Amino acid sequence: MWFLLMLIILLANGMSAFGLKVMAGWALPGSVKFPYLAIWYAAGLASIGAPMILRGVRLSRSELLWGALMAALSIAGQVAMAVALDSNVPGHIVFPIAIGGSIFIVALAGRIFFHERMNRLNIIGITTGFIAVILLGMS
Amino acid sequence: MGLLFCFLGAVAFGLLACVSKVAEQRGCAASGLVVSVFGWATVVMLLRTAALHSGFQMPAKAGAIAVACGICAAVAYLAFQTSIKMGKVTVGWLMMNLSSGVPAAVSIWIYKEKLSPIKILAFALGLASVLCLFWGQKSEGREVANTSRERG
């Protein structure tokens, strides 16, 4: 199950960002990105929310509140990166710092707060993955 | 000043993954959280779009792509949120970020983009990372099984 979930994360999350690449090729005005993202989020909401409604599952108060915090952090991250790019910091610096930095923070928190134990293969995997993500951000 | 915002971005994204783990530990359902996150973000984006002079004007083909990619994103986040219940948040978050290699690879295939030495190295390391993490998880599972057999 875990292996399947990892494959889904890799492929589905990768393809979720591909639309922006396609749109860049069409040379649409910059203002299109906001309605694009509104539809993007609404489609995601409907795809998971509709089956929940059909099953009669309701959102709990804590899910609403934690979800609000997560959405705020996601938007804050995007805004911070956009401001950095607008301040003439090149993309090959912004993306490796923001993405690589977030992995470093999560690895640190995983060890300190969530007591995640790593075997040697996991450590090698995380280190090589960390470098790969930074190189992808640079390119 | 710009660099400071790079680091703030890193902190925000890092905290996002940590909050996902905390919410899971507090008993929030993965699907409920994803619906909540996408619901709040939809509201923010609708408000931002409504404030534009151009409003919701966009080509239909862009709308179709937004729908397909949005569904992919929700499925990916649901998989991430589910995975941290049974595995490590660090590995799940790394996979979320390693996935940036997928559009890069598809671009090389579809748009015939040049394959630079940095990209080749990144793909090789990314593949090595995924294999190590899979084997690491497998050997961890075996260790747990052996320990429980010895105890039993």
# chains A, B, ... in the order shown; residues from 1 in each chain; ligands from 1

call {"tool": "residues_around", "arguments": {"residues": "Asn97 (chain B)", "least_positions_apart": "6", "cutoff": "10 Å", "atoms": "only C-alpha atoms", "output": "VMD selection string"}}
result
(chain A and resid 9 to 10 13 to 14 99 to 100 102 to 103 129 to 130 132 to 134 136 to 137) or (chain B and resid 91)

call {"tool": "closest_atom_pairs", "arguments": {"of": "chain A", "to": "chain B", "cutoff": "6 Å", "atoms": "only C-alpha atoms", "output": "JSON lines"}}
result
{"residue": "A:Leu5", "atom": "CA", "partner": "B:Ala79", "partner_atom": "CA", "distance": 5.4}
{"residue": "A:Ile9", "atom": "CA", "partner": "B:Ala76", "partner_atom": "CA", "distance": 4.6}
{"residue": "A:Leu10", "atom": "CA", "partner": "B:Ser99", "partner_atom": "CA", "distance": 4.5}
{"residue": "A:Ala12", "atom": "CA", "partner": "B:Cys72", "partner_atom": "CA", "distance": 4.8}
{"residue": "A:Asn13", "atom": "CA", "partner": "B:Ala76", "partner_atom": "CA", "distance": 5.1}
{"residue": "A:Gly14", "atom": "CA", "partner": "B:Ser99", "partner_atom": "CA", "distance": 4.5}
{"residue": "A:Ser16", "atom": "CA", "partner": "B:Cys69", "partner_atom": "CA", "distance": 4.1}
{"residue": "A:Phe18", "atom": "CA", "partner": "B:Pro103", "partner_atom": "CA", "distance": 5.4}
{"residue": "A:Gly19", "atom": "CA", "partner": "B:Ile65", "partner_atom": "CA", "distance": 5.9}
{"residue": "A:Phe34", "atom": "CA", "partner": "B:Thr49", "partner_atom": "CA", "distance": 5.5}
{"residue": "A:Pro35", "atom": "CA", "partner": "B:Phe56", "partner_atom": "CA", "distance": 5.4}
{"residue": "A:Tyr36", "atom": "CA", "partner": "B:Ala66", "partner_atom": "CA", "distance": 5.9}
{"residue": "A:Ala38", "atom": "CA", "partner": "B:Met45", "partner_atom": "CA", "distance": 4.9}
{"residue": "A:Ile39", "atom": "CA", "partner": "B:Ala66", "partner_atom": "CA", "distance": 5.9}
{"residue": "A:Trp40", "atom": "CA", "partner": "B:Gly70", "partner_atom": "CA", "distance": 4.1}
{"residue": "A:Tyr41", "atom": "CA", "partner": "B:Thr42", "partner_atom": "CA", "distance": 5.2}
{"residue": "A:Ala42", "atom": "CA", "partner": "B:Thr42", "partner_atom": "CA", "distance": 5.6}
{"residue": "A:Ala43", "atom": "CA", "partner": "B:Val67", "partner_atom": "CA", "distance": 5.1}
{"residue": "A:Gly44", "atom": "CA", "partner": "B:Ile71", "partner_atom": "CA", "distance": 4.4}
{"residue": "A:Leu45", "atom": "CA", "partner": "B:Phe38", "partner_atom": "CA", "distance": 5.2}
{"residue": "A:Gly49", "atom": "CA", "partner": "B:Val35", "partner_atom": "CA", "distance": 5.8}
{"residue": "A:Leu59", "atom": "CA", "partner": "B:Gly32", "partner_atom": "CA", "distance": 5.7}
{"residue": "A:Glu63", "atom": "CA", "partner": "B:Leu33", "partner_atom": "CA", "distance": 5.3}
{"residue": "A:Leu64", "atom": "CA", "partner": "B:Ser36", "partner_atom": "CA", "distance": 5.4}
{"residue": "A:Gly67", "atom": "CA", "partner": "B:Val37", "partner_atom": "CA", "distance": 4.5}
{"residue": "A:Met70", "atom": "CA", "partner": "B:Leu16", "partner_atom": "CA", "distance": 5.5}
{"residue": "A:Ala71", "atom": "CA", "partner": "B:Val37", "partner_atom": "CA", "distance": 5.0}
{"residue": "A:Leu73", "atom": "CA", "partner": "B:Ala12", "partner_atom": "CA", "distance": 5.3}
{"residue": "A:Gly77", "atom": "CA", "partner": "B:Gly9", "partner_atom": "CA", "distance": 4.2}
{"residue": "A:Ala80", "atom": "CA", "partner": "B:Phe5", "partner_atom": "CA", "distance": 5.0}
{"residue": "A:Met81", "atom": "CA", "partner": "B:Gly9", "partner_atom": "CA", "distance": 5.7}
{"residue": "A:Ala84", "atom": "CA", "partner": "B:Gly2", "partner_atom": "CA", "distance": 4.3}
{"residue": "A:Ser87", "atom": "CA", "partner": "B:Gly2", "partner_atom": "CA", "distance": 5.2}
{"residue": "A:Val89", "atom": "CA", "partner": "B:Gly2", "partner_atom": "CA", "distance": 6.0}
{"residue": "A:Val94", "atom": "CA", "partner": "B:Cys6", "partner_atom": "CA", "distance": 5.6}
{"residue": "A:Ala98", "atom": "CA", "partner": "B:Ala10", "partner_atom": "CA", "distance": 4.0}
{"residue": "A:Gly101", "atom": "CA", "partner": "B:Ala10", "partner_atom": "CA", "distance": 4.9}
{"residue": "A:Ser102", "atom": "CA", "partner": "B:Gly14", "partner_atom": "CA", "distance": 4.1}
{"residue": "A:Ile105", "atom": "CA", "partner": "B:Gly14", "partner_atom": "CA", "distance": 5.4}
{"residue": "A:Val106", "atom": "CA", "partner": "B:Gly14", "partner_atom": "CA", "distance": 5.4}
{"residue": "A:Ala107", "atom": "CA", "partner": "B:Thr90", "partner_atom": "CA", "distance": 5.2}
{"residue": "A:Leu121", "atom": "CA", "partner": "B:Gly136", "partner_atom": "CA", "distance": 4.8}
{"residue": "A:Asn122", "atom": "CA", "partner": "B:Gly136", "partner_atom": "CA", "distance": 5.1}
{"residue": "A:Gly125", "atom": "CA", "partner": "B:Ser129", "partner_atom": "CA", "distance": 4.1}
{"residue": "A:Thr128", "atom": "CA", "partner": "B:Ser129", "partner_atom": "CA", "distance": 5.3}
{"residue": "A:Gly129", "atom": "CA", "partner": "B:Ser129", "partner_atom": "CA", "distance": 4.9}
{"residue": "A:Ala132", "atom": "CA", "partner": "B:Ala122", "partner_atom": "CA", "distance": 4.4}
{"residue": "A:Val133", "atom": "CA", "partner": "B:Leu98", "partner_atom": "CA", "distance": 5.7}
{"residue": "A:Leu135", "atom": "CA", "partner": "B:Ala122", "partner_atom": "CA", "distance": 5.5}
{"residue": "A:Leu136", "atom": "CA", "partner": "B:Ala122", "partner_atom": "CA", "distance": 5.9}

call {"tool": "atom_distance", "arguments": {"atom1": "CA of Ser60 (chain A)", "atom2": "CA of Phe3 (chain A)"}}
result
29.1 Å

call {"tool": "atom_distance", "arguments": {"atom1": "CA of Ala145 (chain B)", "atom2": "CA of Leu4 (chain A)"}}
result
20.1 Å

call {"tool": "select_by_dssp", "arguments": {"residues": "region 4-62 of chain B", "states": "helix (DSSP H, G or I)", "output": "VMD selection string"}}
result
chain B and resid 4 to 25 30 to 50 60 to 62

call {"tool": "atom_distance", "arguments": {"atom1": "CA of Ala51 (chain B)", "atom2": "CA of Ser47 (chain A)"}}
result
26.3 Å

call {"tool": "decode", "arguments": {"residues": "region 60-103 of chain A", "atoms": "N, CA and C atoms", "output": "PDB file, in the first residue's frame"}}
result
ATOM      1  N   SER A  60     -15.279  17.569  10.072  1.00  0.00           N
ATOM      2  CA  SER A  60     -15.296  17.923  11.492  1.00  0.00           C
ATOM      3  C   SER A  60     -14.740  19.337  11.649  1.00  0.00           C
ATOM      4  N   ARG A  61     -14.967  19.915  12.815  1.00  0.00           N
ATOM      5  CA  ARG A  61     -14.476  21.269  13.080  1.00  0.00           C
ATOM      6  C   ARG A  61     -12.950  21.318  13.024  1.00  0.00           C
ATOM      7  N   SER A  62     -12.306  20.269  13.583  1.00  0.00           N
ATOM      8  CA  SER A  62     -10.836  20.271  13.591  1.00  0.00           C
ATOM      9  C   SER A  62     -10.284  20.147  12.163  1.00  0.00           C
ATOM     10  N   GLU A  63     -10.958  19.374  11.306  1.00  0.00           N
ATOM     11  CA  GLU A  63     -10.511  19.261   9.904  1.00  0.00           C
ATOM     12  C   GLU A  63     -10.622  20.617   9.204  1.00  0.00           C
ATOM     13  N   LEU A  64     -11.699  21.346   9.503  1.00  0.00           N
ATOM     14  CA  LEU A  64     -11.866  22.680   8.911  1.00  0.00           C
ATOM     15  C   LEU A  64     -10.765  23.635   9.361  1.00  0.00           C
ATOM     16  N   LEU A  65     -10.440  23.586  10.668  1.00  0.00           N
ATOM     17  CA  LEU A  65      -9.442  24.512  11.213  1.00  0.00           C
ATOM     18  C   LEU A  65      -8.023  24.148  10.771  1.00  0.00           C
ATOM     19  N   TRP A  66      -7.662  22.860  10.874  1.00  0.00           N
ATOM     20  CA  TRP A  66      -6.331  22.440  10.438  1.00  0.00           C
ATOM     21  C   TRP A  66      -6.181  22.681   8.931  1.00  0.00           C
ATOM     22  N   GLY A  67      -7.250  22.431   8.188  1.00  0.00           N
ATOM     23  CA  GLY A  67      -7.231  22.667   6.745  1.00  0.00           C
ATOM     24  C   GLY A  67      -7.004  24.140   6.424  1.00  0.00           C
ATOM     25  N   ALA A  68      -7.618  25.021   7.219  1.00  0.00           N
ATOM     26  CA  ALA A  68      -7.439  26.470   7.010  1.00  0.00           C
ATOM     27  C   ALA A  68      -5.982  26.858   7.238  1.00  0.00           C
ATOM     28  N   LEU A  69      -5.379  26.284   8.291  1.00  0.00           N
ATOM     29  CA  LEU A  69      -3.966  26.581   8.584  1.00  0.00           C
ATOM     30  C   LEU A  69      -3.071  26.081   7.449  1.00  0.00           C
ATOM     31  N   MET A  70      -3.368  24.877   6.971  1.00  0.00           N
ATOM     32  CA  MET A  70      -2.559  24.304   5.881  1.00  0.00           C
ATOM     33  C   MET A  70      -2.703  25.128   4.603  1.00  0.00           C
ATOM     34  N   ALA A  71      -3.927  25.558   4.298  1.00  0.00           N
ATOM     35  CA  ALA A  71      -4.141  26.389   3.104  1.00  0.00           C
ATOM     36  C   ALA A  71      -3.390  27.711   3.246  1.00  0.00           C
ATOM     37  N   ALA A  72      -3.431  28.300   4.457  1.00  0.00           N
ATOM     38  CA  ALA A  72      -2.734  29.577   4.692  1.00  0.00           C
ATOM     39  C   ALA A  72      -1.224  29.402   4.492  1.00  0.00           C
ATOM     40  N   LEU A  73      -0.681  28.293   4.995  1.00  0.00           N
ATOM     41  CA  LEU A  73       0.766  28.053   4.849  1.00  0.00           C
ATOM     42  C   LEU A  73       1.139  27.825   3.385  1.00  0.00           C
ATOM     43  N   SER A  74       0.277  27.104   2.660  1.00  0.00           N
ATOM     44  CA  SER A  74       0.535  26.848   1.245  1.00  0.00           C
ATOM     45  C   SER A  74       0.550  28.168   0.462  1.00  0.00           C
ATOM     46  N   ILE A  75      -0.460  29.002   0.721  1.00  0.00           N
ATOM     47  CA  ILE A  75      -0.545  30.293   0.019  1.00  0.00           C
ATOM     48  C   ILE A  75       0.624  31.188   0.430  1.00  0.00           C
ATOM     49  N   ALA A  76       0.987  31.179   1.741  1.00  0.00           N
ATOM     50  CA  ALA A  76       2.117  31.996   2.221  1.00  0.00           C
ATOM     51  C   ALA A  76       3.408  31.586   1.516  1.00  0.00           C
ATOM     52  N   GLY A  77       3.605  30.286   1.345  1.00  0.00           N
ATOM     53  CA  GLY A  77       4.799  29.795   0.649  1.00  0.00           C
ATOM     54  C   GLY A  77       4.847  30.269  -0.789  1.00  0.00           C
ATOM     55  N   GLN A  78       3.684  30.179  -1.469  1.00  0.00           N
ATOM     56  CA  GLN A  78       3.623  30.620  -2.878  1.00  0.00           C
ATOM     57  C   GLN A  78       3.883  32.117  -2.989  1.00  0.00           C
ATOM     58  N   VAL A  79       3.270  32.896  -2.064  1.00  0.00           N
ATOM     59  CA  VAL A  79       3.434  34.359  -2.099  1.00  0.00           C
ATOM     60  C   VAL A  79       4.897  34.725  -1.832  1.00  0.00           C
ATOM     61  N   ALA A  80       5.516  34.063  -0.838  1.00  0.00           N
ATOM     62  CA  ALA A  80       6.920  34.356  -0.502  1.00  0.00           C
ATOM     63  C   ALA A  80       7.817  34.092  -1.715  1.00  0.00           C
ATOM     64  N   MET A  81       7.568  32.983  -2.422  1.00  0.00           N
ATOM     65  CA  MET A  81       8.379  32.673  -3.606  1.00  0.00           C
ATOM     66  C   MET A  81       8.146  33.688  -4.718  1.00  0.00           C
ATOM     67  N   ALA A  82       6.879  34.101  -4.885  1.00  0.00           N
ATOM     68  CA  ALA A  82       6.559  35.091  -5.925  1.00  0.00           C
ATOM     69  C   ALA A  82       7.244  36.422  -5.610  1.00  0.00           C
ATOM     70  N   VAL A  83       7.239  36.829  -4.307  1.00  0.00           N
ATOM     71  CA  VAL A  83       7.891  38.103  -3.914  1.00  0.00           C
ATOM     72  C   VAL A  83       9.397  38.007  -4.171  1.00  0.00           C
ATOM     73  N   ALA A  84       9.977  36.840  -3.826  1.00  0.00           N
ATOM     74  CA  ALA A  84      11.419  36.659  -4.039  1.00  0.00           C
ATOM     75  C   ALA A  84      11.754  36.776  -5.524  1.00  0.00           C
ATOM     76  N   LEU A  85      10.932  36.163  -6.382  1.00  0.00           N
ATOM     77  CA  LEU A  85      11.176  36.233  -7.838  1.00  0.00           C
ATOM     78  C   LEU A  85      11.000  37.663  -8.353  1.00  0.00           C
ATOM     79  N   ASP A  86       9.987  38.377  -7.797  1.00  0.00           N
ATOM     80  CA  ASP A  86       9.759  39.772  -8.183  1.00  0.00           C
ATOM     81  C   ASP A  86      10.897  40.683  -7.725  1.00  0.00           C
ATOM     82  N   SER A  87      11.632  40.249  -6.669  1.00  0.00           N
ATOM     83  CA  SER A  87      12.765  41.055  -6.162  1.00  0.00           C
ATOM     84  C   SER A  87      14.042  40.759  -6.950  1.00  0.00           C
ATOM     85  N   ASN A  88      13.869  40.181  -8.118  1.00  0.00           N
ATOM     86  CA  ASN A  88      14.985  39.876  -9.026  1.00  0.00           C
ATOM     87  C   ASN A  88      15.944  38.812  -8.514  1.00  0.00           C
ATOM     88  N   VAL A  89      15.493  37.967  -7.598  1.00  0.00           N
ATOM     89  CA  VAL A  89      16.309  36.805  -7.224  1.00  0.00           C
ATOM     90  C   VAL A  89      16.049  35.753  -8.310  1.00  0.00           C
ATOM     91  N   PRO A  90      17.112  35.235  -8.946  1.00  0.00           N
ATOM     92  CA  PRO A  90      16.885  34.283 -10.046  1.00  0.00           C
ATOM     93  C   PRO A  90      16.189  33.000  -9.586  1.00  0.00           C
ATOM     94  N   GLY A  91      15.427  32.418 -10.505  1.00  0.00           N
ATOM     95  CA  GLY A  91      14.681  31.194 -10.205  1.00  0.00           C
ATOM     96  C   GLY A  91      15.572  30.050  -9.749  1.00  0.00           C
ATOM     97  N   HIS A  92      16.821  29.980 -10.313  1.00  0.00           N
ATOM     98  CA  HIS A  92      17.690  28.862  -9.933  1.00  0.00           C
ATOM     99  C   HIS A  92      18.227  29.014  -8.506  1.00  0.00           C
ATOM    100  N   ILE A  93      17.929  30.160  -7.868  1.00  0.00           N
ATOM    101  CA  ILE A  93      18.274  30.330  -6.437  1.00  0.00           C
ATOM    102  C   ILE A  93      17.007  30.155  -5.594  1.00  0.00           C
ATOM    103  N   VAL A  94      15.897  30.751  -6.066  1.00  0.00           N
ATOM    104  CA  VAL A  94      14.637  30.719  -5.298  1.00  0.00           C
ATOM    105  C   VAL A  94      14.153  29.279  -5.087  1.00  0.00           C
ATOM    106  N   PHE A  95      14.054  28.499  -6.172  1.00  0.00           N
ATOM    107  CA  PHE A  95      13.447  27.164  -6.065  1.00  0.00           C
ATOM    108  C   PHE A  95      14.275  26.198  -5.213  1.00  0.00           C
ATOM    109  N   PRO A  96      15.618  26.122  -5.423  1.00  0.00           N
ATOM    110  CA  PRO A  96      16.372  25.206  -4.557  1.00  0.00           C
ATOM    111  C   PRO A  96      16.293  25.579  -3.076  1.00  0.00           C
ATOM    112  N   ILE A  97      16.319  26.894  -2.758  1.00  0.00           N
ATOM    113  CA  ILE A  97      16.274  27.303  -1.342  1.00  0.00           C
ATOM    114  C   ILE A  97      14.903  26.963  -0.757  1.00  0.00           C
ATOM    115  N   ALA A  98      13.839  27.365  -1.455  1.00  0.00           N
ATOM    116  CA  ALA A  98      12.486  27.171  -0.915  1.00  0.00           C
ATOM    117  C   ALA A  98      12.134  25.689  -0.800  1.00  0.00           C
ATOM    118  N   ILE A  99      12.435  24.917  -1.844  1.00  0.00           N
ATOM    119  CA  ILE A  99      12.040  23.500  -1.841  1.00  0.00           C
ATOM    120  C   ILE A  99      13.015  22.668  -1.003  1.00  0.00           C
ATOM    121  N   GLY A 100      14.322  22.876  -1.256  1.00  0.00           N
ATOM    122  CA  GLY A 100      15.331  22.138  -0.467  1.00  0.00           C
ATOM    123  C   GLY A 100      15.220  22.477   1.010  1.00  0.00           C
ATOM    124  N   GLY A 101      14.996  23.758   1.291  1.00  0.00           N
ATOM    125  CA  GLY A 101      14.858  24.198   2.691  1.00  0.00           C
ATOM    126  C   GLY A 101      13.680  23.535   3.377  1.00  0.00           C
ATOM    127  N   SER A 102      12.571  23.419   2.659  1.00  0.00           N
ATOM    128  CA  SER A 102      11.377  22.811   3.265  1.00  0.00           C
ATOM    129  C   SER A 102      11.625  21.332   3.587  1.00  0.00           C
ATOM    130  N   ILE A 103      12.359  20.633   2.712  1.00  0.00           N
ATOM    131  CA  ILE A 103      12.663  19.206   2.968  1.00  0.00           C
ATOM    132  C   ILE A 103      13.554  19.097   4.205  1.00  0.00           C
TER     133      ILE A 103
END
